[in-house]
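As stored in coords.txt (compact mmCIF, C-alpha atoms):
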# COMPACT_ATOMS: atom_id res chain seq x y z
CA MET A 1 6.65 -23.83 -5.44
CA LYS A 2 9.27 -21.26 -6.47
CA GLY A 3 6.75 -18.43 -5.92
CA THR A 4 6.02 -19.77 -2.42
CA ARG A 5 9.72 -19.86 -1.53
CA VAL A 6 10.20 -16.31 -2.79
CA ARG A 7 7.26 -15.04 -0.73
CA GLU A 8 8.54 -16.82 2.36
CA LEU A 9 11.94 -15.18 1.87
CA ARG A 10 10.35 -11.74 1.56
CA TYR A 11 8.28 -12.40 4.67
CA ARG A 12 11.48 -13.25 6.56
CA MET A 13 13.11 -10.06 5.28
CA MET A 14 10.12 -8.03 6.50
CA ILE A 15 11.11 -8.80 10.10
CA THR A 16 14.18 -6.59 9.63
CA ASP A 17 11.96 -3.61 8.80
CA LEU A 18 9.61 -4.25 11.71
CA LEU A 19 12.54 -4.53 14.11
CA ARG A 20 13.89 -1.19 12.92
CA VAL A 21 10.57 0.48 13.62
CA ALA A 22 10.33 -1.22 17.03
CA SER A 23 13.85 -0.05 17.95
CA GLU A 24 12.73 3.57 17.60
CA SER A 25 10.62 3.27 20.75
CA GLN A 26 12.25 0.38 22.63
CA THR A 27 15.80 -0.50 23.66
CA TYR A 28 17.64 -3.65 22.61
CA GLN A 29 17.22 -5.01 26.14
CA GLU A 30 13.45 -4.41 26.09
CA LEU A 31 13.10 -6.02 22.66
CA SER A 32 15.28 -8.93 23.74
CA LYS A 33 13.01 -9.57 26.72
CA HIS A 34 9.77 -9.30 24.74
CA LEU A 35 10.95 -11.41 21.80
CA GLY A 36 12.96 -14.01 23.68
CA LEU A 37 16.08 -13.34 21.62
CA SER A 38 19.58 -12.55 22.83
CA PRO A 39 20.83 -9.03 21.95
CA PRO A 40 23.50 -10.39 19.53
CA ILE A 41 20.93 -12.38 17.53
CA LEU A 42 18.54 -9.44 17.62
CA SER A 43 21.28 -7.20 16.29
CA ARG A 44 22.07 -9.57 13.44
CA TYR A 45 18.40 -9.78 12.46
CA MET A 46 17.98 -6.03 12.64
CA ARG A 47 21.03 -5.40 10.46
CA GLY A 48 19.93 -8.02 7.96
CA HIS A 49 23.13 -10.04 8.45
CA VAL A 50 21.07 -13.13 9.29
CA LEU A 51 17.42 -13.88 8.50
CA PRO A 52 15.10 -15.84 10.81
CA SER A 53 13.57 -19.05 9.51
CA PHE A 54 10.07 -18.72 8.08
CA GLU A 55 8.61 -20.34 11.20
CA ARG A 56 10.50 -18.01 13.53
CA ALA A 57 9.61 -15.03 11.32
CA GLN A 58 5.93 -15.85 11.81
CA GLU A 59 6.40 -15.96 15.58
CA LEU A 60 8.35 -12.71 15.60
CA TYR A 61 5.77 -10.99 13.40
CA GLU A 62 3.00 -11.78 15.89
CA LYS A 63 5.09 -10.60 18.86
CA LEU A 64 6.25 -7.44 17.10
CA MET A 65 2.70 -6.51 16.15
CA GLU A 66 1.71 -6.98 19.82
CA ILE A 67 4.45 -4.81 21.31
CA THR A 68 4.90 -2.24 18.55
CA ASN A 69 2.00 -0.25 17.21
CA ILE A 70 3.28 0.09 13.65
CA LYS A 71 0.42 2.29 12.58
CA GLU A 72 0.84 4.68 15.48
CA ALA A 73 4.54 4.94 14.66
CA LEU A 74 3.66 5.91 11.11
CA LYS A 75 1.02 8.41 12.28
CA ARG A 76 3.71 10.26 14.19
CA LYS A 77 5.69 10.65 10.97
CA LEU A 78 2.82 11.98 8.86
CA THR A 79 2.01 15.66 9.32
CA PHE A 80 -0.46 18.21 7.96
CA ASP A 81 0.34 21.76 6.91
CA GLU A 82 -1.74 24.84 7.80
CA ASN A 83 -4.04 24.18 4.83
CA GLY A 84 -4.73 20.60 5.83
CA TYR A 85 -2.56 18.95 3.18
CA ILE A 86 -0.69 15.86 4.29
CA ASP A 87 3.06 15.40 4.02
CA ASN A 88 3.28 11.73 3.04
CA THR A 89 7.06 11.75 2.47
CA PRO A 90 7.70 8.56 4.52
CA LEU A 91 5.37 6.59 2.24
CA VAL A 92 6.94 7.77 -0.99
CA SER A 93 10.62 7.90 -0.07
CA GLU A 94 11.54 5.98 3.11
CA MET A 95 12.26 2.36 2.20
CA THR A 96 11.39 0.94 5.61
CA TRP A 97 7.85 2.32 5.44
CA LEU A 98 7.50 1.52 1.75
CA LYS A 99 8.34 -2.10 2.46
CA ILE A 100 6.05 -2.31 5.49
CA ALA A 101 3.11 -0.86 3.53
CA SER A 102 3.76 -3.16 0.57
CA ASN A 103 4.19 -6.26 2.73
CA TYR A 104 0.86 -5.45 4.38
CA ALA A 105 -0.73 -5.63 0.93
CA LEU A 106 1.03 -8.94 0.27
CA GLU A 107 -0.32 -10.34 3.52
CA LYS A 108 -3.89 -9.28 2.65
CA PHE A 109 -4.01 -10.11 -1.08
CA ALA A 110 -1.49 -12.94 -1.62
CA GLY A 111 -4.31 -15.51 -1.71
CA SER A 112 -6.31 -13.59 -4.32
CA ARG A 113 -5.96 -13.87 -8.07
CA VAL A 114 -4.06 -10.73 -9.10
CA THR A 115 -2.63 -10.32 -12.60
CA LYS A 116 -1.78 -6.60 -12.45
CA VAL A 117 -1.51 -3.71 -10.01
CA LEU A 118 -3.07 -0.37 -11.00
CA THR A 119 -2.32 3.00 -9.42
CA SER A 120 -2.26 6.65 -10.45
CA ALA A 121 0.78 8.88 -10.86
CA VAL A 122 2.70 9.91 -8.96
CA ASP A 123 2.76 9.23 -5.21
CA GLY A 124 1.08 5.85 -5.44
CA VAL A 125 3.81 4.51 -7.70
CA PRO A 126 6.52 3.60 -5.11
CA VAL A 127 4.29 1.33 -3.00
CA ALA A 128 2.45 -0.03 -6.05
CA THR A 129 5.78 -0.94 -7.64
CA LEU A 130 6.87 -2.89 -4.57
CA VAL A 131 3.49 -4.62 -4.30
CA ALA A 132 3.62 -5.63 -7.97
CA ASN A 133 7.11 -6.98 -7.39
CA LEU A 134 6.02 -8.95 -4.32
CA LEU A 135 3.04 -10.42 -6.19
CA GLU A 136 5.21 -10.94 -9.30
CA VAL A 137 2.77 -9.16 -11.61
CA ASP A 138 2.91 -6.15 -13.95
CA LEU A 139 2.32 -2.56 -12.88
CA VAL A 140 -0.10 -0.19 -14.66
CA VAL A 141 0.07 3.56 -13.97
CA ALA A 142 -2.81 5.92 -14.82
CA LYS A 143 -1.46 9.34 -15.78
CA GLU A 144 -2.99 12.77 -16.31
CA ARG A 145 -1.48 13.09 -19.77
CA LYS A 146 -1.07 10.94 -22.84
CA GLU A 147 2.33 9.60 -23.80
CA VAL A 148 3.75 9.96 -27.30
CA GLY A 149 3.79 6.66 -29.18
CA ILE A 150 0.68 5.14 -27.62
CA SER A 151 -2.31 5.31 -29.92
CA GLU A 152 -5.18 3.91 -27.83
CA TYR A 153 -6.11 4.83 -24.29
CA ILE A 154 -8.74 4.10 -21.71
CA GLU A 155 -9.91 7.45 -20.34
CA GLY A 156 -11.55 8.21 -17.04
CA THR A 157 -12.80 11.60 -15.88
CA TYR A 158 -13.73 12.78 -12.41
CA VAL A 159 -14.50 16.08 -10.67
CA LEU A 160 -12.83 16.92 -7.38
CA ARG A 161 -15.46 17.40 -4.68
CA GLY A 162 -15.92 21.02 -3.67
CA SER A 163 -14.29 22.38 -6.81
CA ALA A 164 -14.96 22.90 -10.49
CA LEU A 165 -11.79 21.07 -11.44
CA LYS A 166 -12.18 18.20 -13.86
CA ARG A 167 -9.39 15.65 -14.06
CA THR A 168 -8.80 12.97 -16.67
CA LEU A 169 -6.74 9.82 -16.23
CA TYR A 170 -5.25 7.86 -19.11
CA VAL A 171 -4.22 4.21 -19.22
CA PRO A 172 -2.84 2.51 -22.36
CA LYS A 173 -5.68 0.33 -23.63
CA ALA A 174 -3.41 -2.67 -24.07
CA SER A 175 -2.57 -2.60 -20.36
CA LEU A 176 -6.01 -3.72 -19.13
CA ARG A 177 -7.61 -6.81 -20.63
CA ARG A 178 -10.86 -8.65 -19.99
CA LYS A 179 -8.93 -11.59 -18.49
CA ASP A 180 -7.11 -9.40 -15.98
CA SER A 181 -7.74 -9.33 -12.24
CA ILE A 182 -6.62 -5.92 -10.99
CA LEU A 183 -5.47 -4.83 -7.54
CA ILE A 184 -6.04 -1.05 -7.33
CA ILE A 185 -3.79 0.96 -5.02
CA ASP A 186 -4.38 4.56 -3.92
CA ASP A 187 -1.82 6.34 -1.77
CA VAL A 188 -4.01 8.95 -0.03
CA ILE A 189 -7.79 9.18 -0.18
CA ARG A 190 -10.10 11.91 1.15
CA THR A 191 -13.28 11.94 -0.90
CA GLY A 192 -12.81 9.00 -3.26
CA GLU A 193 -13.45 10.47 -6.71
CA LYS A 194 -10.08 9.46 -8.15
CA LEU A 195 -10.30 5.93 -6.78
CA LYS A 196 -13.83 5.52 -8.12
CA CYS A 197 -12.53 6.67 -11.51
CA LEU A 198 -9.86 3.93 -11.45
CA ILE A 199 -12.49 1.33 -10.55
CA ASP A 200 -14.73 2.51 -13.40
CA MET A 201 -11.83 2.25 -15.86
CA VAL A 202 -11.23 -1.37 -14.87
CA GLU A 203 -14.93 -2.21 -15.09
CA GLU A 204 -15.17 -0.48 -18.47
CA GLN A 205 -12.67 -3.02 -19.82
CA LYS A 206 -14.74 -5.79 -18.22
CA ALA A 207 -11.70 -6.81 -16.18
CA GLU A 208 -12.06 -8.04 -12.61
CA VAL A 209 -11.28 -5.91 -9.56
CA ALA A 210 -9.26 -8.24 -7.33
CA GLY A 211 -9.24 -5.75 -4.49
CA ILE A 212 -8.61 -2.17 -3.42
CA TYR A 213 -5.75 -1.13 -1.17
CA ILE A 214 -5.68 2.36 0.34
CA ILE A 215 -2.48 3.32 2.13
CA VAL A 216 -3.76 6.40 3.98
CA ALA A 217 -7.44 7.33 4.36
CA ILE A 218 -8.30 10.75 5.79
CA GLY A 219 -11.68 11.43 7.38
CA ASP A 220 -14.90 9.61 6.42
CA GLU A 221 -16.16 11.31 3.25
CA TRP A 222 -14.62 8.64 1.05
CA ARG A 223 -16.75 5.95 2.70
CA GLU A 224 -19.95 7.57 1.43
CA SER A 225 -18.56 7.89 -2.10
CA LEU A 226 -17.42 4.27 -2.21
CA LYS A 227 -20.00 2.49 -0.04
CA GLY A 228 -21.16 0.36 -2.99
CA GLU A 229 -17.62 -0.59 -3.98
CA MET A 230 -16.72 -1.41 -0.36
CA VAL A 231 -19.44 -4.05 -0.36
CA GLN A 232 -18.63 -5.35 -3.83
CA TYR A 233 -14.85 -5.66 -3.61
CA PRO A 234 -12.23 -6.64 -1.01
CA PHE A 235 -11.15 -3.39 0.65
CA GLU A 236 -8.07 -2.85 2.79
CA VAL A 237 -6.91 0.37 4.45
CA PHE A 238 -3.42 0.45 5.96
CA LEU A 239 -3.82 3.63 7.99
CA GLU A 240 -6.81 5.85 8.84
CA LEU A 241 -6.35 9.45 9.97
CA LYS A 242 -8.84 11.94 11.33
CA LYS A 243 -9.56 14.98 9.22
CA PRO A 244 -7.58 17.98 10.52
CA GLN A 245 -9.65 20.09 12.93
CA HIS A 246 -9.09 23.39 11.11
CA GLN A 247 -10.61 22.13 7.86
Would it be possible to restate this file's structure as structure tokens?
Amino acid sequence: MKGTRVRELRYRMMITDLLRVASESQTYQELSKHLGLSPPILSRYMRGHVLPSFERAQELYEKLMEITNIKEALKRKLTFDENGYIDNTPLVSEMTWLKIASNYALEKFAGSRVTKVLTSAVDGVPVATLVANLLEVDLVVAKERKEVGISEYIEGTYVLRGSALKRTLYVPKASLRRKDSILIIDDVIRTGEKLKCLIDMVEEQKAEVAGIYIIVAIGDEWRESLKGEMVQYPFEVFLELKKPQHQ
């Protein structure tokens, strides 16, 4: 019961973030008309001074998703450099987008059995931390180096497609147990080798993969690499981008 109340409160708080995004492309008067709220009430919600009831939050969420294309708004904030590398700063530093991306995961996986959230260092950590907090479970971070003081590790190795670079990820062995049900989060995926490595590490420990959440997927190569996993496990992608033309 307590967990349900906490999740309802967080859902109500999410409306503040969605309203802030909506206000970037629409005026108070336009939002007031679409949402059926007076400007003063709208202002109080947007500033977080007052929260809507859970029932009203559900109504507002549906209306906001209809009138505001959240994903398009995020696309406009994400840019590529001349070499085709993405600048994902909004998803690792801007709290509004971090909360929207993490609440999306809560909406999709709240009904699943999740005991831990697994991601890799470093850019996946901010969203994964918020998701773990929302689901009230522990966070596990796979790193490219071993930490002093930890004697046993689970190791996973993968080769980046189109290169001769071999990468190894390390997770403290005590962090993943057979009884665990793991939600795996990847911040940006292009070809899928790193994500497949994380999945293999979970399976190696005979733990369950509760689901896979990709925040930004670029192009389609990753689908071929993970077509088996996409059938086997619940898969959610928050935002899909086309591969840059010059690549």
Handout entry: Nearest residue to Leu239 in chain A from the set A:Leu74, A:Ile100, A:Leu18, A:Ile212 (distances using only C-alpha atoms)
Key =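 Among the listed residues, A:Leu74 lies closest to Leu239 in chain A.
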Exercise for the section: Find the residues near Val237 in chain A: any atom within 12 Å, counting all atoms listed in the file, skip ones fewer than 5 places away on the same chain, and give them as a VMD selection string. Expected result: chain A and resid 71 101 to 102 104 to 105 108 184 to 189 211 to 218 222 to 223 230
Exercise for the section: Using only C-alpha atoms, find the one residue out of A:Lys196, A:Lys206, A:Lys143, A:Arg12 that sits nearest to Tyr45 in chain A. Expected result: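 Checking each candidate against Tyr45 in chain A, we get A:Arg12 as the closest.
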Exercise for the section: Please provide the set of residues having any atom within 8 Å of His34 in chain A, restricted to all atoms listed in the file, with same-chain residues fewer than 3 positions apart removed, written as a VMD selection string. Expected result: chain A and resid 30 to 31 63 67
Practice task
Please provide the set of residues having any atom within 9 Å of range 48-60 of chain A, restricted to only C-alpha atoms, with same-chain residues fewer than 3 positions apart removed, written as an MDAnalysis selection string.
Solution key: chainID A and resid 8:9 11:16 35 41 43:45 63:65
Handout entry: Two-atom distance - CA of Ser181 in chain A, CA of Val92 in chain A (Å)
Key =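 Separation between CA of Ser181 in chain A and CA of Val92 in chain A: 25.2 Å.
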Practice task
With a distance cut-off of 12 Å and all atoms listed in the file, select the neighbouring residues of Glu224 in chain A, excluding the residue or stretch itself and same-chain residues fewer than 5 positions from it, and output the selection as a ChimeraX atom specification.
Solution key: /A:190-193,196,219,229-231
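In terms of minimum interatomic distance to Leu106 in chain A, A:Leu183 ranks closest within A:Leu91, A:Leu139, A:Leu183, A:Leu37, counting all atoms listed in the file.
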Practice task
Write out as a list in words which residues come within 10 Å of Ala132 in chain A when counting all atoms listed in the file, dropping same-chain ones fewer than 3 positions away.
Solution key: Ser102, Ala105, Leu106, Val114, Thr115, Lys116, Val117, Leu118, Val127, Ala128, Thr129, Leu135, Glu136, Val137, Asp138, Leu139, Val140 and Leu183 of chain A
Exercise for the section: To one decimal in Å, tell me the separation between CA of Arg7 in chain A and CA of Ser112 in chain A. Expected result: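 Computing it gives 14.1 Å between the two atoms.
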Practice task
Find the residue from A:Ala121, A:Leu195, A:Ile150, A:Val202 that sits nearest to Lys179 in chain A; use only C-alpha atoms when measuring.
Solution key: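 Ranking A:Ala121, A:Leu195, A:Ile150, A:Val202 by distance to Lys179 in chain A, first place goes to A:Val202.
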